[in-house]
$ cat coords.cif   # mmCIF, C-alpha atoms
data_coords
loop_
_atom_site.group_PDB
_atom_site.id
_atom_site.type_symbol
_atom_site.label_atom_id
_atom_site.label_comp_id
_atom_site.auth_asym_id
_atom_site.auth_seq_id
_atom_site.Cartn_x
_atom_site.Cartn_y
_atom_site.Cartn_z
ATOM 1 C CA MET A 9 1.561 3.288 -10.671
ATOM 2 C CA SER A 10 0.439 1.722 -7.416
ATOM 3 C CA LEU A 11 -0.975 -1.582 -8.663
ATOM 4 C CA ASP A 12 -0.505 -3.985 -11.562
ATOM 5 C CA VAL A 13 -4.195 -4.383 -12.346
ATOM 6 C CA PRO A 14 -5.180 -7.496 -14.319
ATOM 7 C CA PRO A 15 -7.434 -6.794 -17.324
ATOM 8 C CA ALA A 16 -10.352 -8.750 -15.793
ATOM 9 C CA LEU A 17 -10.258 -6.637 -12.634
ATOM 10 C CA LEU A 18 -10.090 -3.442 -14.658
ATOM 11 C CA GLU A 19 -13.113 -4.620 -16.651
ATOM 12 C CA GLN A 20 -15.000 -5.213 -13.392
ATOM 13 C CA ALA A 21 -14.201 -1.685 -12.260
ATOM 14 C CA GLU A 22 -15.330 -0.266 -15.600
ATOM 15 C CA ARG A 23 -18.677 -2.074 -15.185
ATOM 16 C CA GLY A 24 -19.019 -0.619 -11.692
ATOM 17 C CA GLU A 25 -18.628 -3.818 -9.722
ATOM 18 C CA VAL A 26 -15.428 -5.015 -8.096
ATOM 19 C CA ASP A 27 -14.827 -8.284 -6.285
ATOM 20 C CA GLU A 28 -12.929 -7.269 -3.144
ATOM 21 C CA ALA A 29 -11.132 -10.618 -2.976
ATOM 22 C CA ALA A 30 -9.776 -10.003 -6.484
ATOM 23 C CA PHE A 31 -8.716 -6.505 -5.454
ATOM 24 C CA VAL A 32 -6.947 -7.870 -2.367
ATOM 25 C CA ASP A 33 -5.157 -10.416 -4.564
ATOM 26 C CA CYS A 34 -4.097 -7.570 -6.853
ATOM 27 C CA VAL A 35 -2.647 -5.752 -3.851
ATOM 28 C CA ARG A 36 -0.879 -8.940 -2.708
ATOM 29 C CA THR A 37 0.800 -9.467 -6.078
ATOM 30 C CA SER A 38 1.502 -5.790 -6.805
ATOM 31 C CA LEU A 39 2.890 -4.829 -3.408
ATOM 32 C CA PRO A 40 4.544 -8.002 -2.087
ATOM 33 C CA TYR A 41 6.776 -6.262 0.457
ATOM 34 C CA ALA A 42 3.872 -4.355 1.984
ATOM 35 C CA TRP A 43 1.716 -7.496 1.933
ATOM 36 C CA GLU A 44 4.398 -9.533 3.681
ATOM 37 C CA MET A 45 4.922 -6.814 6.276
ATOM 38 C CA VAL A 46 1.225 -6.679 7.189
ATOM 39 C CA SER A 47 0.851 -10.487 7.051
ATOM 40 C CA THR A 48 3.819 -10.977 9.354
ATOM 41 C CA LEU A 49 2.549 -8.424 11.863
ATOM 42 C CA VAL A 50 -0.936 -9.955 11.867
ATOM 43 C CA ALA A 51 0.563 -13.390 12.547
ATOM 44 C CA GLN A 52 2.760 -11.925 15.292
ATOM 45 C CA LEU A 53 -0.248 -10.286 16.950
ATOM 46 C CA LYS A 54 -2.204 -13.561 16.847
ATOM 47 C CA VAL A 55 0.666 -15.636 18.244
ATOM 48 C CA GLU A 56 2.039 -13.230 20.832
ATOM 49 C CA GLY A 57 -1.150 -11.405 21.731
ATOM 50 C CA GLY A 58 -0.881 -8.013 23.329
ATOM 51 C CA GLU A 59 -2.282 -4.677 22.287
ATOM 52 C CA PHE A 60 -0.481 -4.417 18.936
ATOM 53 C CA ALA A 61 2.393 -5.637 16.784
ATOM 54 C CA ASP A 62 4.670 -3.286 14.881
ATOM 55 C CA ASN A 63 7.674 -3.148 12.613
ATOM 56 C CA GLN A 64 10.537 -0.817 13.461
ATOM 57 C CA THR A 65 13.008 -1.931 10.793
ATOM 58 C CA PRO A 66 13.299 0.402 7.799
ATOM 59 C CA PRO A 67 12.743 -1.150 4.366
ATOM 60 C CA PRO A 68 15.902 -2.279 2.550
ATOM 61 C CA ASP A 69 15.508 0.277 -0.264
ATOM 62 C CA GLU A 70 13.296 2.941 -1.784
ATOM 63 C CA GLN A 71 11.324 0.449 -3.882
ATOM 64 C CA HIS A 72 10.218 -1.406 -0.748
ATOM 65 C CA ARG A 73 9.547 1.848 1.107
ATOM 66 C CA GLY A 74 7.404 2.953 -1.830
ATOM 67 C CA GLN A 75 5.294 -0.185 -1.539
ATOM 68 C CA LEU A 76 4.521 0.590 2.101
ATOM 69 C CA LEU A 77 3.677 4.174 1.260
ATOM 70 C CA ARG A 78 1.366 3.172 -1.591
ATOM 71 C CA ALA A 79 -0.385 0.505 0.465
ATOM 72 C CA LEU A 80 -0.977 2.617 3.545
ATOM 73 C CA ALA A 81 -1.549 6.005 1.930
ATOM 74 C CA SER A 82 -4.376 4.714 -0.251
ATOM 75 C CA ASP A 83 -7.680 4.620 1.610
ATOM 76 C CA ALA A 84 -8.971 1.869 -0.709
ATOM 77 C CA ILE A 85 -5.896 -0.358 -0.331
ATOM 78 C CA ARG A 86 -5.546 0.240 3.383
ATOM 79 C CA GLY A 87 -9.248 -0.404 3.985
ATOM 80 C CA ALA A 88 -9.169 -3.611 1.944
ATOM 81 C CA LEU A 89 -6.137 -4.824 3.914
ATOM 82 C CA GLU A 90 -7.839 -4.022 7.210
ATOM 83 C CA ARG A 91 -10.990 -5.903 6.202
ATOM 84 C CA HIS A 92 -9.053 -8.846 4.779
ATOM 85 C CA PHE A 93 -6.862 -9.319 7.854
ATOM 86 C CA GLY A 94 -9.433 -8.169 10.430
ATOM 87 C CA VAL A 95 -7.182 -5.542 11.994
ATOM 88 C CA ARG A 96 -6.709 -1.795 12.206
ATOM 89 C CA LEU A 97 -3.532 -0.452 10.628
ATOM 90 C CA ALA A 98 -1.446 2.492 11.787
ATOM 91 C CA PHE A 99 1.621 3.982 10.127
ATOM 92 C CA GLN A 100 4.544 6.220 11.144
ATOM 93 C CA ASN A 101 7.777 7.352 9.515
ATOM 94 C CA CYS A 102 7.535 5.567 6.166
ATOM 95 C CA HIS A 103 8.189 2.177 7.742
ATOM 96 C CA ARG A 104 6.691 1.766 11.191
ATOM 97 C CA VAL A 105 3.574 -0.204 10.397
ATOM 98 C CA ALA A 106 1.456 -1.441 13.299
ATOM 99 C CA VAL A 107 -1.569 -3.718 13.490
ATOM 100 C CA PHE A 108 -4.191 -3.434 16.204
ATOM 101 C CA PRO A 109 -7.121 -5.770 16.950
ATOM 102 C CA LEU A 110 -10.596 -4.696 15.893
ATOM 103 C CA ASP A 111 -12.277 -5.504 19.196
ATOM 104 C CA GLY A 112 -11.447 -2.214 20.873
ATOM 105 C CA SER A 113 -9.148 -3.762 23.472
ATOM 106 C CA ALA A 114 -6.257 -1.610 22.226
ATOM 107 C CA ASP A 115 -8.133 1.621 21.521
ATOM 108 C CA GLU A 116 -6.092 3.581 24.061
ATOM 109 C CA ARG A 117 -2.801 2.187 22.713
ATOM 110 C CA LEU A 118 -3.864 2.962 19.124
ATOM 111 C CA ALA A 119 -4.722 6.523 20.157
ATOM 112 C CA ARG A 120 -1.261 6.931 21.720
ATOM 113 C CA PHE A 121 0.442 5.419 18.652
ATOM 114 C CA THR A 122 -1.368 7.741 16.238
ATOM 115 C CA SER A 123 -1.178 10.862 18.409
ATOM 116 C CA ILE A 124 0.908 13.931 17.660
ATOM 117 C CA ARG A 125 2.992 13.081 20.736
ATOM 118 C CA GLY A 126 3.540 9.530 19.468
ATOM 119 C CA GLN A 127 4.654 10.843 16.096
ATOM 120 C CA LEU A 128 7.094 13.293 17.660
ATOM 121 C CA LEU A 129 8.566 10.681 19.996
ATOM 122 C CA ASN A 130 9.143 8.334 17.052
ATOM 123 C CA GLN A 131 11.466 10.753 15.239
ATOM 124 C CA SER A 132 15.183 10.295 14.739
ATOM 125 C CA PRO A 133 17.815 11.898 12.494
ATOM 126 C CA GLU A 134 18.229 8.611 10.595
ATOM 127 C CA LEU A 135 14.586 8.786 9.491
ATOM 128 C CA ARG A 136 14.688 12.429 8.354
ATOM 129 C CA ASP A 137 14.531 11.542 4.630
ATOM 130 C CA CYS A 138 12.254 8.549 4.747
#
$ encode --input "coords.cif" --output "structure tokens"
Amino acid sequence: MSLDVPPALLEQAERGEVDEAAFVDCVRTSLPYAWEMVSTLVAQLKVEGGEFADNQTPPPDEQHRGQLLRALASDAIRGALERHFGVRLAFQNCHRVAVFPLDGSADERLARFTSIRGQLLNQSPELRDC
């Protein structure tokens, strides 16, 4: 299961209306490693500036890796994170999460990061089973 959904949030979904802030809080509490990773990268981008901020350190274990996969493989979760933090997210190799500004200033860098070439250049034997 991806998220630990509180009964009140599930009831909202059953009625057809969902408060996005409540959903984002559900993501924060259900996927704390993924949340912390994105939060840290957003803060890094704001402080350091530049075209993007990324993580290149693999998660400490499969549970943490699973959180990243669930957060970034779900369109709903990923989209909610992007709207909440005001960034665009990109993902490579089960751990390399990157945040890009929304304003278009890093469009070319985002295109390189998410390209087939970028994916191939980011491979290594250590990451074969991630």
$ residues_near_point --input "coords.cif" --point "(7.8, -1.3, -0.3)" --cutoff "12 Å" --atoms "all atoms listed in the file" --output "ChimeraX atom specification"
/A:10,35-36,38-46,66-80,102-105,138
$ residues_around --input "coords.cif" --residues "Asp111 in chain A" --least-positions-apart "3" --cutoff "10 Å" --atoms "all atoms listed in the file" --output "compact mmCIF listing (two decimals) with C-alpha atoms, in the coordinates of the input"
# COMPACT_ATOMS: atom_id res chain seq x y z
CA GLY A 94 -9.43 -8.17 10.43
CA VAL A 95 -7.18 -5.54 11.99
CA ARG A 96 -6.71 -1.80 12.21
CA PHE A 108 -4.19 -3.43 16.20
CA ALA A 114 -6.26 -1.61 22.23
CA ASP A 115 -8.13 1.62 21.52
$ residues_around --input "coords.cif" --residues "range 25-29 of chain A" --least-positions-apart "5" --cutoff "8 Å" --atoms "all atoms listed in the file" --output "list in words"
Leu17, Gln20 and Ala88 of chain A
$ atom_distance --input "coords.cif" --atom1 "CA of Asn63 in chain A" --atom2 "CA of Ala30 in chain A"
26.8 Å
$ atom_distance --input "coords.cif" --atom1 "CA of Glu116 in chain A" --atom2 "CA of Thr65 in chain A"
23.9 Å
$ residues_around --input "coords.cif" --residues "Leu49 in chain A" --least-positions-apart "6" --cutoff "8 Å" --atoms "only C-alpha atoms" --output "JSON, numbers by chain"
{"A": [61, 62, 63, 106, 107]}
$ closest_residue --input "coords.cif" --among "A:Gln64, A:Gln52, A:Gly112, A:Ser47" --to "His92 in chain A" --atoms "only C-alpha atoms"
A:Ser47
$ atom_distance --input "coords.cif" --atom1 "CA of Thr37 in chain A" --atom2 "CA of Gly58 in chain A"
29.5 Å
$ axis_aligned_box --input "coords.cif" --around "range 30-48 of chain A" --padding-each-side "4 Å" --output "AutoDock Vina command-line options"
--center_x -1.5 --center_y -7.7 --center_z 1.3 --size_x 24.6 --size_y 14.6 --size_z 24.2
$ closest_residue --input "coords.cif" --among "A:Val50, A:Val55, A:Ala98, A:Val32" --to "Leu11 in chain A" --atoms "only C-alpha atoms"
A:Val32
